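Note: the block below is my_file.cif and it holds mmCIF, C-alpha atoms.
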data_start
#
loop_
_atom_site.label_atom_id
_atom_site.label_comp_id
_atom_site.auth_asym_id
_atom_site.auth_seq_id
_atom_site.Cartn_x
_atom_site.Cartn_y
_atom_site.Cartn_z
CA MET N 1 48.06 146.13 92.83
CA THR N 2 49.20 142.54 93.47
CA LYS N 3 47.75 142.82 96.97
CA LEU N 4 44.32 143.97 95.77
CA ILE N 5 44.25 141.23 93.14
CA ALA N 6 45.24 138.63 95.74
CA LEU N 7 42.41 139.74 98.03
CA ILE N 8 39.77 139.72 95.26
CA ALA N 9 41.02 136.37 93.90
CA GLY N 10 40.88 134.95 97.42
CA ILE N 11 37.30 136.14 97.94
CA LEU N 12 36.19 134.67 94.60
CA PHE N 13 38.00 131.41 95.34
CA GLY N 14 36.42 131.12 98.80
CA TYR N 15 32.97 131.96 97.46
CA GLY N 16 33.39 129.43 94.63
CA LEU N 17 34.47 126.67 97.01
CA THR N 18 31.49 127.32 99.28
CA LEU N 19 29.01 127.42 96.38
CA ALA N 20 30.53 124.26 94.93
CA GLY N 21 29.85 122.31 98.12
CA MET N 22 33.53 121.75 98.84
CA LEU N 23 33.33 122.87 102.47
CA SER N 24 31.54 119.67 103.34
CA PRO N 25 33.82 116.72 104.13
CA ALA N 26 30.81 114.46 103.48
CA LYS N 27 30.78 115.68 99.87
CA ILE N 28 34.52 115.06 99.38
CA VAL N 29 34.27 111.58 100.89
CA GLY N 30 31.13 110.99 98.79
CA PHE N 31 33.18 111.68 95.64
CA LEU N 32 36.00 109.35 96.70
CA ASP N 33 33.56 106.64 97.75
CA ILE N 34 33.26 105.14 94.28
CA THR N 35 31.99 101.79 95.54
CA GLY N 36 29.35 103.40 97.78
CA ASN N 37 26.77 106.16 97.30
CA TRP N 38 28.89 108.04 94.74
CA ASP N 39 28.59 111.84 94.49
CA PRO N 40 30.28 113.09 91.27
CA SER N 41 30.06 116.80 92.28
CA LEU N 42 33.81 117.22 92.82
CA ALA N 43 34.49 116.19 89.22
CA PHE N 44 32.21 119.05 88.12
CA VAL N 45 34.12 121.50 90.33
CA MET N 46 37.46 120.45 88.87
CA GLY N 47 35.97 120.33 85.39
CA GLY N 48 34.58 123.86 85.75
CA GLY N 49 37.88 125.17 87.12
CA LEU N 50 39.95 123.47 84.45
CA PHE N 51 37.64 124.57 81.66
CA VAL N 52 38.54 128.16 82.59
CA THR N 53 42.25 127.73 83.41
CA VAL N 54 43.13 125.59 80.38
CA ILE N 55 41.85 128.41 78.15
CA THR N 56 42.95 131.50 80.09
CA PHE N 57 46.37 130.31 81.31
CA LYS N 58 47.54 129.80 77.74
CA PHE N 59 46.80 133.42 76.86
CA ILE N 60 48.14 134.87 80.10
CA LEU N 61 51.38 132.86 79.92
CA LYS N 62 51.98 133.89 76.30
CA ARG N 63 53.04 137.31 77.56
CA PRO N 64 56.66 137.65 78.72
CA THR N 65 55.49 139.29 81.96
CA PRO N 66 52.16 139.31 83.85
CA ILE N 67 49.62 142.03 83.11
CA PHE N 68 49.71 143.36 86.70
CA GLY N 69 53.05 142.30 88.08
CA GLY N 70 56.78 142.05 87.72
CA LYS N 71 57.20 138.43 86.70
CA PHE N 72 55.64 134.99 86.66
CA TYR N 73 56.36 132.77 89.65
CA LEU N 74 55.91 129.35 88.10
CA PRO N 75 57.19 125.93 89.11
CA THR N 76 60.19 125.06 86.94
CA ARG N 77 60.66 121.37 87.64
CA GLN N 78 59.54 118.90 85.01
CA ASP N 79 60.64 115.55 86.47
CA ILE N 80 58.36 113.23 88.40
CA ASP N 81 60.40 112.43 91.51
CA ARG N 82 59.82 110.27 94.56
CA ARG N 83 59.18 113.31 96.76
CA LEU N 84 56.26 114.45 94.56
CA ILE N 85 54.62 111.03 94.56
CA ILE N 86 55.14 110.18 98.26
CA GLY N 87 54.00 113.65 99.33
CA SER N 88 50.91 113.46 97.14
CA ALA N 89 50.10 109.99 98.51
CA ILE N 90 50.36 111.26 102.11
CA PHE N 91 48.12 114.20 101.20
CA GLY N 92 45.60 111.82 99.60
CA ALA N 93 45.39 109.79 102.81
CA GLY N 94 44.77 112.90 104.93
CA TRP N 95 42.24 114.23 102.42
CA ALA N 96 40.31 110.97 102.64
CA ILE N 97 40.33 110.83 106.46
CA GLY N 98 39.35 114.46 107.10
CA GLY N 99 37.44 115.23 103.90
CA LEU N 100 39.23 118.57 103.61
CA CYS N 101 42.07 119.90 101.48
CA PRO N 102 43.88 123.16 102.31
CA GLY N 103 41.54 125.60 100.51
CA PRO N 104 38.24 124.42 101.98
CA ALA N 105 39.90 123.99 105.39
CA ILE N 106 40.90 127.66 105.44
CA SER N 107 37.54 128.85 104.06
CA SER N 108 35.75 126.76 106.71
CA LEU N 109 37.43 128.83 109.43
CA ALA N 110 34.65 131.30 108.55
CA TYR N 111 32.19 129.12 110.44
CA ALA N 112 34.28 128.87 113.63
CA SER N 113 34.05 125.16 114.27
CA PRO N 114 36.54 123.78 116.83
CA LYS N 115 37.10 120.67 114.69
CA ILE N 116 38.13 122.84 111.73
CA ALA N 117 40.50 124.71 114.04
CA VAL N 118 42.09 121.40 115.08
CA PHE N 119 42.49 120.44 111.42
CA GLY N 120 43.95 123.86 110.56
CA ILE N 121 46.49 123.90 113.39
CA ALA N 122 47.55 120.31 112.61
CA MET N 123 47.91 121.28 108.93
CA VAL N 124 50.30 124.13 109.78
CA VAL N 125 52.28 121.79 112.07
CA GLY N 126 52.45 119.29 109.18
CA ILE N 127 53.83 121.97 106.85
CA ILE N 128 56.45 122.99 109.44
CA LEU N 129 57.53 119.36 109.93
CA ALA N 130 57.80 118.75 106.18
CA LYS N 131 59.82 121.93 105.71
CA LYS N 132 62.11 121.07 108.61
CA PHE N 133 62.78 117.41 107.85
CA PHE N 134 62.23 117.22 104.10
CA PRO N 135 63.24 120.64 102.76
CA ALA N 136 62.70 121.01 99.02
CA SER N 137 65.88 120.77 97.03
CA PRO N 138 66.43 123.84 94.84
CA SER N 139 64.99 123.09 91.42
CA MET I 1 23.70 109.77 93.80
CA GLU I 2 21.06 111.77 95.65
CA ASN I 3 23.70 114.15 97.03
CA PHE I 4 24.90 115.13 93.54
CA THR I 5 24.79 118.92 92.94
CA PRO I 6 25.89 119.40 89.31
CA ILE I 7 24.82 123.03 88.79
CA PRO I 8 26.25 124.71 91.93
CA SER I 9 29.38 122.55 91.73
CA LEU I 10 29.99 123.46 88.10
CA ALA I 11 29.26 127.15 88.81
CA GLY I 12 31.57 127.09 91.84
CA GLY I 13 34.27 125.43 89.74
CA LEU I 14 33.99 128.14 87.06
CA ILE I 15 34.35 130.85 89.74
CA ILE I 16 37.42 129.04 91.14
CA GLY I 17 38.89 128.99 87.62
CA ILE I 18 38.24 132.74 87.26
CA ALA I 19 39.89 133.36 90.66
CA ALA I 20 42.98 131.37 89.58
CA THR I 21 43.02 133.31 86.30
CA LEU I 22 42.85 136.64 88.14
CA LEU I 23 45.72 135.70 90.44
CA LEU I 24 47.86 134.61 87.48
CA THR I 25 47.49 138.09 85.97
CA SER I 26 49.72 139.20 88.86
CA GLY I 27 52.13 136.36 88.15
CA ARG I 28 51.06 134.03 90.96
CA ILE I 29 49.74 130.48 91.00
CA ALA I 30 46.62 129.90 93.15
CA GLY I 31 48.01 126.89 94.97
CA ILE I 32 46.69 127.18 98.48
CA SER I 33 49.16 124.84 100.20
CA GLY I 34 52.00 126.80 98.58
CA ILE I 35 50.52 130.16 99.53
CA LEU I 36 50.11 129.00 103.14
CA GLY I 37 53.53 127.32 103.10
CA GLY I 38 55.14 130.66 102.25
CA LEU I 39 53.80 132.09 105.52
CA THR I 40 55.02 129.17 107.59
CA PRO I 41 58.41 128.79 109.29
CA PRO I 42 61.11 127.65 108.76
CA SER I 43 62.22 129.63 105.69
CA ALA I 44 59.03 131.67 105.18
CA ALA I 45 58.81 133.57 101.90
CA PRO I 46 59.67 137.29 101.90
CA ASP I 47 56.41 138.22 100.09
CA LYS I 48 53.96 137.71 102.93
CA ASP I 49 51.38 140.46 102.19
CA TRP I 50 49.65 139.05 99.11
CA ARG I 51 49.67 135.56 100.62
CA PHE I 52 48.01 136.78 103.79
CA LEU I 53 45.43 138.79 101.83
CA PHE I 54 44.57 135.82 99.60
CA LEU I 55 43.94 133.60 102.64
CA ILE I 56 41.85 136.34 104.32
CA GLY I 57 39.89 136.47 101.06
CA LEU I 58 39.31 132.70 101.17
CA ILE I 59 37.66 133.09 104.57
CA ALA I 60 35.81 136.26 103.53
CA GLY I 61 34.36 134.51 100.46
CA ALA I 62 32.94 131.78 102.68
CA VAL I 63 31.52 134.44 105.03
CA LEU I 64 29.91 136.29 102.09
CA PHE I 65 28.22 133.22 100.64
CA PRO I 66 25.39 132.87 103.23
CA ILE I 67 25.11 136.68 103.50
CA MET I 68 24.37 136.77 99.76
CA GLY I 69 21.64 134.19 100.20
CA GLY I 70 23.62 130.97 99.82
CA ASN I 71 22.68 127.90 101.79
CA ILE I 72 25.41 126.30 103.91
CA SER I 73 23.23 123.72 105.63
CA TYR I 74 24.78 121.10 103.33
CA ILE I 75 28.00 121.14 105.35
CA SER I 76 28.48 117.88 107.17
CA LEU I 77 31.81 117.49 108.94
CA ASN I 78 31.69 113.85 110.02
CA PRO I 79 31.13 111.53 107.02
CA TYR I 80 32.22 108.38 108.87
CA THR I 81 29.92 109.16 111.85
CA LEU I 82 32.82 108.87 114.28
CA SER I 83 32.26 109.50 117.96
CA GLU I 84 32.99 113.06 119.07
CA ASN I 85 36.44 112.32 120.57
CA THR I 86 37.51 110.04 117.73
CA HIS I 87 36.47 112.69 115.23
CA TYR I 88 38.70 115.30 116.89
CA ILE I 89 41.63 112.87 116.70
CA ALA I 90 40.80 112.04 113.06
CA MET I 91 40.73 115.74 112.15
CA GLY I 92 44.09 116.26 113.85
CA VAL I 93 45.68 113.31 112.06
CA ALA I 94 44.10 114.35 108.74
CA GLY I 95 45.34 117.94 109.08
CA LEU I 96 48.85 116.75 109.87
CA LEU I 97 48.92 114.45 106.83
CA VAL I 98 47.43 117.14 104.55
CA GLY I 99 49.96 119.78 105.67
CA PHE I 100 52.92 117.42 105.51
CA GLY I 101 51.92 115.76 102.24
CA THR I 102 51.06 118.93 100.32
CA ASN I 103 54.33 120.57 101.35
CA MET I 104 56.38 117.51 100.44
CA GLY I 105 54.42 116.98 97.22
CA SER I 106 54.57 120.67 96.24
CA GLY I 107 50.83 121.19 95.95
CA CYS I 108 47.25 120.26 96.66
CA THR I 109 43.94 120.09 94.83
CA SER I 110 44.14 123.74 93.77
CA GLY I 111 47.83 123.99 92.89
CA HIS I 112 48.17 120.66 91.10
CA GLY I 113 44.52 119.94 90.27
CA ILE I 114 43.31 123.30 88.95
CA CYS I 115 46.41 125.37 88.15
CA GLY I 116 48.96 122.66 87.33
CA LEU I 117 46.62 120.74 85.06
CA GLY I 118 45.58 124.11 83.60
CA ARG I 119 49.22 124.57 82.56
CA LEU I 120 49.24 120.97 81.24
CA SER I 121 52.02 120.06 83.70
CA THR I 122 52.92 116.35 83.75
CA ARG I 123 54.16 116.66 87.35
CA SER I 124 50.75 117.96 88.40
CA LEU I 125 49.01 115.19 86.48
CA ALA I 126 51.14 112.58 88.29
CA ALA I 127 50.46 114.26 91.66
CA THR I 128 46.70 114.54 91.04
CA LEU I 129 46.36 110.91 89.94
CA THR I 130 48.37 109.84 93.00
CA PHE I 131 46.38 111.72 95.63
CA MET I 132 43.07 110.78 94.01
CA ALA I 133 43.98 107.08 93.85
CA VAL I 134 45.29 106.94 97.42
CA ALA I 135 42.25 108.86 98.69
CA VAL I 136 39.84 106.40 97.02
CA VAL I 137 41.62 103.48 98.69
CA VAL I 138 41.74 105.20 102.11
CA VAL I 139 38.03 106.15 101.94
CA PHE I 140 37.24 102.52 101.15
CA ALA I 141 39.34 101.42 104.15
CA MET I 142 37.73 104.03 106.42
CA ARG I 143 34.27 102.82 105.38
CA MET I 144 35.30 99.24 106.18
CA ILE I 145 36.87 100.10 109.54
CA THR I 146 34.06 102.38 110.74
CA GLY I 147 31.26 100.35 109.16
CA SER I 148 29.72 103.58 107.83
#
The structure in this file should be written as structure tokens.
Amino acid sequence: MTKLIALIAGILFGYGLTLAGMLSPAKIVGFLDITGNWDPSLAFVMGGGLFVTVITFKFILKRPTPIFGGKFYLPTRQDIDRRLIIGSAIFGAGWAIGGLCPGPAISSLAYASPKIAVFGIAMVVGIILAKKFFPASPS
Amino acid sequence: MENFTPIPSLAGGLIIGIAATLLLTSGRIAGISGILGGLTPPSAAPDKDWRFLFLIGLIAGAVLFPIMGGNISYISLNPYTLSENTHYIAMGVAGLLVGFGTNMGSGCTSGHGICGLGRLSTRSLAATLTFMAVAVVVVFAMRMITGS
């Protein structure tokens, strides 16, 4: 059941990203370009997503166990550490240069562009390097 | 603001929220860097099947969109109008930073931005504010450097 849900959730997520305009690096950069020709679309995407999750997550997480699965796999850490901030800053820089975050990058593989493939391979290499040299300490 | 698309972006965001809700009913957080990270060595996660299926779904959703009548002509890959070779290098560097940074920072736009903030997590709020702020500064710098 988890597998079917994962597939359907993935399809919805990919469709939503594409509809929202998030597969276009120009749109991401347009949102971040607050001193230029600003495009607020990304704020509407996050606002739409959060509007749903803020309401639904509360109800789903009230249950001791998930409706369709064994248990909840949730992050347990509460502290704001250096690793979180430095990692997020590095991600922000890459997001700004390429105009893609992981979700849209993977969805964009649908359109078989060699530049997206370069981004995707480099992203996996980046994950491997981070895991190898900066492994997460157990929470 | 002539590129602003409030209606499709809001609708897409609502669908993303529904997708994250659906995945949480099976106990999982729809954080894409984390889902991908679990498939990546070293120390890959034991539960590979659902992760793989979710990522296949991400691609399938993007494939379905134009089939169902959606318009993808808006996609523009090169916002700084870099030369072809420079753009390849930029995409490589960007991918490396995105992979490294999201793994080190335990999440990306979906995991921290949509799911983490949805759980009212202060860690995710700190992460989201950080990557947004840095990205604004780097876009400004890129515009200056490339003159675009």
- Task: Write out as a PyMOL selection string the residues lying within 10 Å of region 27-35 of chain N, counting all atoms listed in the file and excluding same-chain residues fewer than 6 positions away.
- Result: (chain N and resi 20-21+41-43+95-101) or (chain I and resi 1+3-5+74-80+132-140+142-143)
Kindly save the residues from that selection, with C-alpha atoms included, as an mmCIF file, keeping the file's coordinate frame.
data_model
loop_
_atom_site.group_PDB
_atom_site.id
_atom_site.type_symbol
_atom_site.label_atom_id
_atom_site.label_comp_id
_atom_site.auth_asym_id
_atom_site.auth_seq_id
_atom_site.Cartn_x
_atom_site.Cartn_y
_atom_site.Cartn_z
ATOM 1 C CA ALA N 20 30.530 124.260 94.930
ATOM 2 C CA GLY N 21 29.850 122.310 98.120
ATOM 3 C CA SER N 41 30.060 116.800 92.280
ATOM 4 C CA LEU N 42 33.810 117.220 92.820
ATOM 5 C CA ALA N 43 34.490 116.190 89.220
ATOM 6 C CA TRP N 95 42.240 114.230 102.420
ATOM 7 C CA ALA N 96 40.310 110.970 102.640
ATOM 8 C CA ILE N 97 40.330 110.830 106.460
ATOM 9 C CA GLY N 98 39.350 114.460 107.100
ATOM 10 C CA GLY N 99 37.440 115.230 103.900
ATOM 11 C CA LEU N 100 39.230 118.570 103.610
ATOM 12 C CA CYS N 101 42.070 119.900 101.480
ATOM 13 C CA MET I 1 23.700 109.770 93.800
ATOM 14 C CA ASN I 3 23.700 114.150 97.030
ATOM 15 C CA PHE I 4 24.900 115.130 93.540
ATOM 16 C CA THR I 5 24.790 118.920 92.940
ATOM 17 C CA TYR I 74 24.780 121.100 103.330
ATOM 18 C CA ILE I 75 28.000 121.140 105.350
ATOM 19 C CA SER I 76 28.480 117.880 107.170
ATOM 20 C CA LEU I 77 31.810 117.490 108.940
ATOM 21 C CA ASN I 78 31.690 113.850 110.020
ATOM 22 C CA PRO I 79 31.130 111.530 107.020
ATOM 23 C CA TYR I 80 32.220 108.380 108.870
ATOM 24 C CA MET I 132 43.070 110.780 94.010
ATOM 25 C CA ALA I 133 43.980 107.080 93.850
ATOM 26 C CA VAL I 134 45.290 106.940 97.420
ATOM 27 C CA ALA I 135 42.250 108.860 98.690
ATOM 28 C CA VAL I 136 39.840 106.400 97.020
ATOM 29 C CA VAL I 137 41.620 103.480 98.690
ATOM 30 C CA VAL I 138 41.740 105.200 102.110
ATOM 31 C CA VAL I 139 38.030 106.150 101.940
ATOM 32 C CA PHE I 140 37.240 102.520 101.150
ATOM 33 C CA MET I 142 37.730 104.030 106.420
ATOM 34 C CA ARG I 143 34.270 102.820 105.380
#
Residues within 12 Å of Phe59 (chain N), all atoms listed in the file, excluding chain neighbours under 5 positions, as an mmCIF file with C-alpha atoms, keeping the file's coordinate frame:
data_model
loop_
_atom_site.group_PDB
_atom_site.id
_atom_site.type_symbol
_atom_site.label_atom_id
_atom_site.label_comp_id
_atom_site.auth_asym_id
_atom_site.auth_seq_id
_atom_site.Cartn_x
_atom_site.Cartn_y
_atom_site.Cartn_z
ATOM 1 C CA VAL N 52 38.540 128.160 82.590
ATOM 2 C CA THR N 53 42.250 127.730 83.410
ATOM 3 C CA VAL N 54 43.130 125.590 80.380
ATOM 4 C CA PRO N 64 56.660 137.650 78.720
ATOM 5 C CA THR N 65 55.490 139.290 81.960
ATOM 6 C CA PRO N 66 52.160 139.310 83.850
ATOM 7 C CA ILE N 67 49.620 142.030 83.110
ATOM 8 C CA THR I 21 43.020 133.310 86.300
ATOM 9 C CA LEU I 24 47.860 134.610 87.480
ATOM 10 C CA THR I 25 47.490 138.090 85.970
ATOM 11 C CA GLY I 118 45.580 124.110 83.600
ATOM 12 C CA ARG I 119 49.220 124.570 82.560
#
- Item | Among the residues I:Leu129, I:Arg28, I:Leu96, I:Thr81, the one that comes closest to Ala26 (chain N) [using all atoms listed in the file] |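 So, comparing all the options, the nearest one is I:Thr81.
When all atoms listed in the file are used to compute distances to chain I, the closest of the residues N:Pro104, N:Gly36, N:Pro75, N:Gly48 turns out to be N:Gly48.
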Which residues of region 40-96 of chain N come within 7 Å of region 97-115 of chain I, and what is each one's closest atom pair and distance in Å (one decimal), counting only C-alpha atoms, sorted by chain and residue number, as CSV?
residue,atom,partner,partner_atom,distance
N:Met46,CA,I:Ile114,CA,6.5
N:Gly49,CA,I:Ile114,CA,6.0
N:Leu50,CA,I:Ile114,CA,5.6
N:Thr53,CA,I:Cys115,CA,6.7
N:Arg83,CA,I:Gly105,CA,6.0
N:Leu84,CA,I:Gly105,CA,4.1
N:Ile85,CA,I:Gly105,CA,6.5
N:Ile86,CA,I:Gly105,CA,6.9
N:Gly87,CA,I:Gly105,CA,4.0
N:Ser88,CA,I:Gly105,CA,5.0
N:Ile90,CA,I:Gly101,CA,4.8
N:Phe91,CA,I:Gly101,CA,4.2
N:Gly94,CA,I:Leu97,CA,4.8
N:Trp95,CA,I:Val98,CA,6.3
Translate the PyMOL selection byres ((chain I and resi 8) around 10), as applied to the file shown, into an explicit residue set as a PDB file with C-alpha atoms, in the coordinates of the input.
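Now in result.pdb:
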ATOM      1  CA  GLY N  16      33.390 129.430  94.630  1.00  0.00           C
ATOM      2  CA  LEU N  17      34.470 126.670  97.010  1.00  0.00           C
ATOM      3  CA  THR N  18      31.490 127.320  99.280  1.00  0.00           C
ATOM      4  CA  LEU N  19      29.010 127.420  96.380  1.00  0.00           C
ATOM      5  CA  ALA N  20      30.530 124.260  94.930  1.00  0.00           C
ATOM      6  CA  GLY N  21      29.850 122.310  98.120  1.00  0.00           C
ATOM      7  CA  SER N  41      30.060 116.800  92.280  1.00  0.00           C
ATOM      8  CA  PHE N  44      32.210 119.050  88.120  1.00  0.00           C
ATOM      9  CA  VAL N  45      34.120 121.500  90.330  1.00  0.00           C
TER      10      VAL N  45
ATOM     11  CA  PHE I   4      24.900 115.130  93.540  1.00  0.00           C
ATOM     12  CA  THR I   5      24.790 118.920  92.940  1.00  0.00           C
ATOM     13  CA  PRO I   6      25.890 119.400  89.310  1.00  0.00           C
ATOM     14  CA  ILE I   7      24.820 123.030  88.790  1.00  0.00           C
ATOM     15  CA  SER I   9      29.380 122.550  91.730  1.00  0.00           C
ATOM     16  CA  LEU I  10      29.990 123.460  88.100  1.00  0.00           C
ATOM     17  CA  ALA I  11      29.260 127.150  88.810  1.00  0.00           C
ATOM     18  CA  GLY I  12      31.570 127.090  91.840  1.00  0.00           C
ATOM     19  CA  GLY I  13      34.270 125.430  89.740  1.00  0.00           C
ATOM     20  CA  LEU I  14      33.990 128.140  87.060  1.00  0.00           C
TER      21      LEU I  14
END
- Task: Between CA of His87 (chain I) and CA of Ala122 (chain N), measure the distance and give it in Å to one decimal.
- Result: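 Between CA of His87 (chain I) and CA of Ala122 (chain N) the gap works out to 13.7 Å.
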- Note on the structure: Counting only C-alpha atoms, the residue among I:Ile72, I:Ala90, I:Leu125, I:Leu117 that lies closest to Met22 (chain N) is I:Ile72
- Task: For Ile121 (chain N), please output as a PyMOL selection string all residues within 9 Å (counting all atoms listed in the file; exclusion window: fewer than 3 positions along the same chain).
- Result: (chain N and resi 116-118+124-126) or (chain I and resi 92+95-96)
- Calculate how many Å separate CA of Gly61 (chain I) from CA of Ser33 (chain I), rounding to one decimal. 17.7 Å
